[in-house]
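S.K.: Got a structure for you, questions after.
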Protein chains: 4
Amino acid sequence: MRARDLGIIIGTLKPGPLNAITDVRGVLVGHATLIEGEGPLVVGKGPIRTGVTVILPHDWDPGREPLFAGSHTLNGNGEMTGLEWVGDSGLLTTPIGLTNTHSVGVVRDALVAASVAGRNEVGLWSLPVVAETWDGYLNDVNGQHVRAEHVFEALAAASGGPVAEGSVGAGTGTKAFGFKAGIGTASRHVGKEHGGHTVGVLVQANHGRRERLMVDGVPIGREITRDEIAGPDLPDDTGSIIAVVATDAPLLPQQCRRLAERAGLGVARGGGGGENDSGDFFLAFATGNRSLRAEDDGQAPISFPLQMLNDDHISELFWAAIEATEEAVLNSMIAAETMVGRDGIAFHALPHERLVEVMRRYGRFG
Amino acid sequence: MRARDLGIIIGTLKPGPLNAITDVRGVLVGHATLIEGEGPLVVGKGPIRTGVTVILPHDWDPGREPLFAGSHTLNGNGEMTGLEWVGDSGLLTTPIGLTNTHSVGVVRDALVAASVAGRNEVGLWSLPVVAETWDGYLNDVNGQHVRAEHVFEALAAASGGPVAEGSVGAGTGTKAFGFKAGIGTASRHVGKEHGGHTVGVLVQANHGRRERLMVDGVPIGREITRDEIAGPDLPDDTGSIIAVVATDAPLLPQQCRRLAERAGLGVARGGGGGENDSGDFFLAFATGNRSLRAEDDGQAPISFPLQMLNDDHISELFWAAIEATEEAVLNSMIAAETMVGRDGIAFHALPHERLVEVMRRYGRFG
Amino acid sequence: MRARDLGIIIGTLKPGPLNAITDVRGVLVGHATLIEGEGPLVVGKGPIRTGVTVILPHDWDPGREPLFAGSHTLNGNGEMTGLEWVGDSGLLTTPIGLTNTHSVGVVRDALVAASVAGRNEVGLWSLPVVAETWDGYLNDVNGQHVRAEHVFEALAAASGGPVAEGSVGAGTGTKAFGFKAGIGTASRHVGKEHGGHTVGVLVQANHGRRERLMVDGVPIGREITRDEIAGPDLPDDTGSIIAVVATDAPLLPQQCRRLAERAGLGVARGGGGGENDSGDFFLAFATGNRSLRAEDDGQAPISFPLQMLNDDHISELFWAAIEATEEAVLNSMIAAETMVGRDGIAFHALPHERLVEVMRRYGRFG
Amino acid sequence: MRARDLGIIIGTLKPGPLNAITDVRGVLVGHATLIEGEGPLVVGKGPIRTGVTVILPHDWDPGREPLFAGSHTLNGNGEMTGLEWVGDSGLLTTPIGLTNTHSVGVVRDALVAASVAGRNEVGLWSLPVVAETWDGYLNDVNGQHVRAEHVFEALAAASGGPVAEGSVGAGTGTKAFGFKAGIGTASRHVGKEHGGHTVGVLVQANHGRRERLMVDGVPIGREITRDEIAGPDLPDDTGSIIAVVATDAPLLPQQCRRLAERAGLGVARGGGGGENDSGDFFLAFATGNRSLRAEDDGQAPISFPLQMLNDDHISELFWAAIEATEEAVLNSMIAAETMVGRDGIAFHALPHERLVEVMRRYGRFG
């Protein structure tokens, strides 16, 4: 179940066929979901409600063939490893991993191991990009249950088809605006007159205060209050949101960085505020230039040819990223079902019928 | 006429008594408005529809007594001088000037002159903060009609009372979303449990595409279209927005920078997208620490005492900046009246009754 | 007279034929030098020891044909306008102006006027890059004697030949390490195996404390002390340094930014420390990609082809920028002659023979 | 054996009693050194030449009592986790870990575990700062031999006394300028007239090309060439350098960031160039303000008092960081003994007598 299945359409641009980040050709997504145990928290035992999501920017080793990328941090209370090299070189040289806050390291080192294993060379190095949100309301996050094998499992599962949303992978234990949330995705297509490119977004949504939730401009959080459906999270605890933006446009690194920042505007339109305890990290990469070799293999040319999107057409991509992010967050909530985690704590699903009813009252659906 | 006069209330926090940036004690605002001539454009002659707005962060020379400040640029297609020193030192050491794009220099040098005149010292230097938007649809911007005397006039007019909005000062010739806009302001008060501080915002609004205009989440731009009320601006030309955020909270420079970035979230909620041809600059300063001497006068101590707002309370200020920015933009449009400029080009006022009517249709006003 | 005329050779890379920024084909440099009056300072009257230097990145309007560029600020106590758009778009869209601190505005607006005059279009805007250092020890800087006509004079004088160094243009009234300094330049050529590119640097040197001056690693400032040759500047007042780095390599914006930062390493090798009262701004641009249209003229393609230097070869350019900056600073001092300014204050030339004598004592010149 | 034991004195400021980062009161350093096996590389078996170094900013949990901090990246080809939160909040909230490139994750997660273990609270999160350089010339870096227990060992060993230098901890397998290097440290004291503060630096040196090595301005690398003493590293492979700068001055975050950048100037003076394949990360923290609570425990005040060093005195700290970094790099080489690693590869010690002999020839030692 997704936003459009309820008749909720964010913005005016047309989605791609899957309305997912995988509409950007070559992008693969894989999840490993860890759900185990129930009852009282015993650190190191569980209950476990977490996972790993990987995004492969193309179906080949990005260590051998990097892509241009850029990032923006709206609020830095979190982690996305590898950003310094992305920022300085403009290159994404690894798959992107998402997980919980206290397992970033194991995912990072496992991505190193996967990169090393695939390339039998002594002089290699790898600087993976791994981000997180904190899923400790439901999950034994301090137990650090993610292991390297879960990363390999997510890599092996990666595919270019429809993307599972809600409580899967790195979104298994996350929530948004006091409702159960998780992974969400959406995409937009820009017109031929602007290049005919696709922008896809995948979010790990774990952010937001209930009373601020807006759906397409409608103040849902003021209508479906915590009195109606409790969120067990502290009212002023706003978690984090990670957004990965992919496009097949031939963007240079500074254009990717600008695109990444627009994801934050989509978050804002949904009611996010980049709160102090939120880690709001946005990474954008572009597949429109390939054959950007990170390292000299003795045959690399001194300089090589690229394409660059004329900036006169980038605003359309900006808007695509804004719309797709707003919808991806919404999808993460609409797809998620109520989940009970450690100590019996439950995050409830956003009730679809109530949502539709309120939106109708606010003049939507004709 | 302001948004609240029409019954439109943005957000949930309470405004200050003036609902203006001047609710932050000590902040002064002054305008100089240049309106002269009509008819065909003759570069260097007119017609002139431009001006200067100055914001004094406190009623004393900030060169002698700077304040902590920080900035964020959402899209950089514009100018705000002085940002490098603000960013590196964390200090605002001059009044802030706003004007049109091609007159930034004269305003900057005039603020230097004003600073020098007030302090009879040989070794002085001054690095003023001056920002702009492009008012060339109505104004002979290439004629560079602003002169130093207009800056001195705005400085002399600066006061801490109600702030004139709409087509005044640096907003004389600007537009937003294809409607006439200009200067707008708003403020918010945060509760005692978060420090009881005030956040005030002043914008020079010149941004936005009609079809994206949202008022409190209602898609006004899709309802009051260019077919109904033409905007003479190119549909894909989105101008710029400058926001100055003031607070009396004791923020450190990095906290000011974070506050500044939230102004962009308020812009996003109103339909702004940080488009490519937009210069979206946000500067925040805090009056909660004084006696930060920029230069040693032989009596300055080696280190001095400060207060810092606990970050646990900063999210409330973030939200205040978001709400106040969204409302300030709206106020800039509601206050502005239709204006005819060079070559008979007109930007029309946002029609108040139609606005209210559409909002009612979208479930607002109870 | 230049460093190499004294037998002092910085580093190991080979300079271009002019050992100047103009070795990068298409780069033009023009100066306007203002020297007038002597005796006691009367603000607004003089004496005047200042000027304007312009650098045209190629012999055509960069507003119509921008270049990739990037900047780095080592210490921000100064001004370089236009940096936000350079940073966000990666494009340099105007000539670069250098002048004194209190005349940045007039130079900026004059570059706007020059750009507007050359292009008879209503919708134009221009965001010039203008930097400065403070020449108030010798010059009536508060008198703001630079006028638009001086900018036009420098533009008209711009040429691609040898560059006048020392007390000319924006370097007329500047000093470094307590000696008279001013404009300096140098260049380096990197080997064919790295692309055969040229890196040229031009500095406006106004920085440094005497005791820290190093020439090719020799502690000249500890040998030729203020007791021997007085510097009238305050011992702990370290002024500023601006460096403009040009290259014909096909660098992308992020590569330009990285190149710019290396100018600071050259400054460090000469004894600079990025002191608190210093404005140390470095801008790099690359002529290796042309036809980067800033604006759509209706014929611009949606995307266009570029070349990018393989990062495997960029370290050689980094080193070229380090060496050229170190030598350009030295050239600015070796070229400058003693100058007397306001109130009879004199900055003395670095004595060539003493310099050579000390360097010999430290094992140089074989 | 250290630089000063050979009579080599970098700069003019006075070191602290230990000439080490631990001269900053409360700073603790601990190493875990992994040396195991010899002969041919078998990935996953060894030989092992690596380790972990931890720096505790004070002798208490920084999660409960953070310090102001800031960072600068000269070249981003590496990793320092946690920088986004340091940059956004201005706070260092964990110990700092150093290790090899492919073990950053395990060190990061182990620091999380250590933080969690020390604080029995459910809602905790931890965002450790962990940096690295690549020690794969000597070490089986792809074998990822560092384990959590090594991190705990380094934490347990942390002390405030003299710091072991050379091939220990995270420096076990590193090299600089083609010589064996490793961990190095130094400190400087600034005069009472500037506050009487201490600046300490610790480096993990793994950078530099032989021919560029400079010792106090003397071109040692051009005198003691690879022909005389081979470096097995590729001549154009320049590794990385991490510098941690500590001070007891009451610096605010932006002042810490500026201090961090000056470490790069010290690297430059020694011959470093921020080369493309180098990860040059500098982190500075200040102990001069305490009681900066990261999280509200219900008793935290809404705002709290601080001290701030007057910027008029910061240049002296900048210079202290420059000198201490230059000397720390040198100490890392002088302390290190020749080491043989995987596949029989050896990095040789910098020969002390030759060093002294060359420096004498260049006019040093009177």
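Ligands are numbered from 1 in the order shown, residues from 1 within each chain, and chains are lettered A, B, ... in the order they appear in the structure tokens.
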Check which residues of chain D sit at most 7 Å from chain A using only C-alpha atoms, and return one row each with the closest pair of atoms and their distance in Å to one decimal, ordered by chain and rising number, as CSV.

M.R.:
```
residue,atom,partner,partner_atom,distance
D:Asn75,CA,A:Asp88,CA,6.9
D:Gly76,CA,A:Trp85,CA,4.6
D:Asn77,CA,A:Trp85,CA,5.1
D:Gly78,CA,A:Trp85,CA,6.5
D:Glu79,CA,A:Gly82,CA,6.1
D:Thr81,CA,A:Thr81,CA,5.7
D:Gly82,CA,A:Glu79,CA,6.1
D:Glu84,CA,A:Gly76,CA,5.1
D:Trp85,CA,A:Gly76,CA,4.6
D:Asp88,CA,A:Gly76,CA,5.4
D:His102,CA,A:Asp109,CA,6.3
D:Ser103,CA,A:Asp109,CA,6.4
D:Val104,CA,A:Gly105,CA,6.9
D:Gly105,CA,A:Gly105,CA,3.3
D:Val106,CA,A:Gly105,CA,5.5
D:Arg108,CA,A:Gly105,CA,5.6
D:Asp109,CA,A:Gly105,CA,5.2
D:Val112,CA,A:His102,CA,6.5
D:Val116,CA,A:Asn142,CA,6.8
D:Gly123,CA,A:Gly136,CA,7.0
D:Leu127,CA,A:Gly78,CA,6.7
D:Gly136,CA,A:Gly123,CA,6.9
D:Asn142,CA,A:Val116,CA,6.8
```

S.K.: So which bits of range 182-243 of chain A end up helix (DSSP H, G or I) when you DSSP the backbone, as a VMD selection string?

M.R.: chain A and resid 192 to 194 210 to 212 220 to 223

S.K.: Give me the residues near range 170-187 of chain B as a PyMOL selection string, where near means some atom within 6 Å (using only C-alpha atoms) and where sequence neighbours in that chain fewer than 6 positions away do not count.

M.R.: chain B and resi 15-16+19-21+49-53+98-99+135+138+199-210+231+324+328-329+331-333+336+347-350

S.K.: Excluding Leu251 in chain A and any residue of its chain fewer than 5 positions from it, enumerate the residues within 9 Å of it, using only C-alpha atoms, and give them as a list of chain:residue names.

M.R.: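 Contacts, in chain order: A:Phe68, A:Ala69, A:Cys256, A:Phe285, A:Ala286, A:Thr287, A:Gly288, A:Asn289, A:Gln307, A:Met308, A:Leu309, A:Asn310, A:Ile314.
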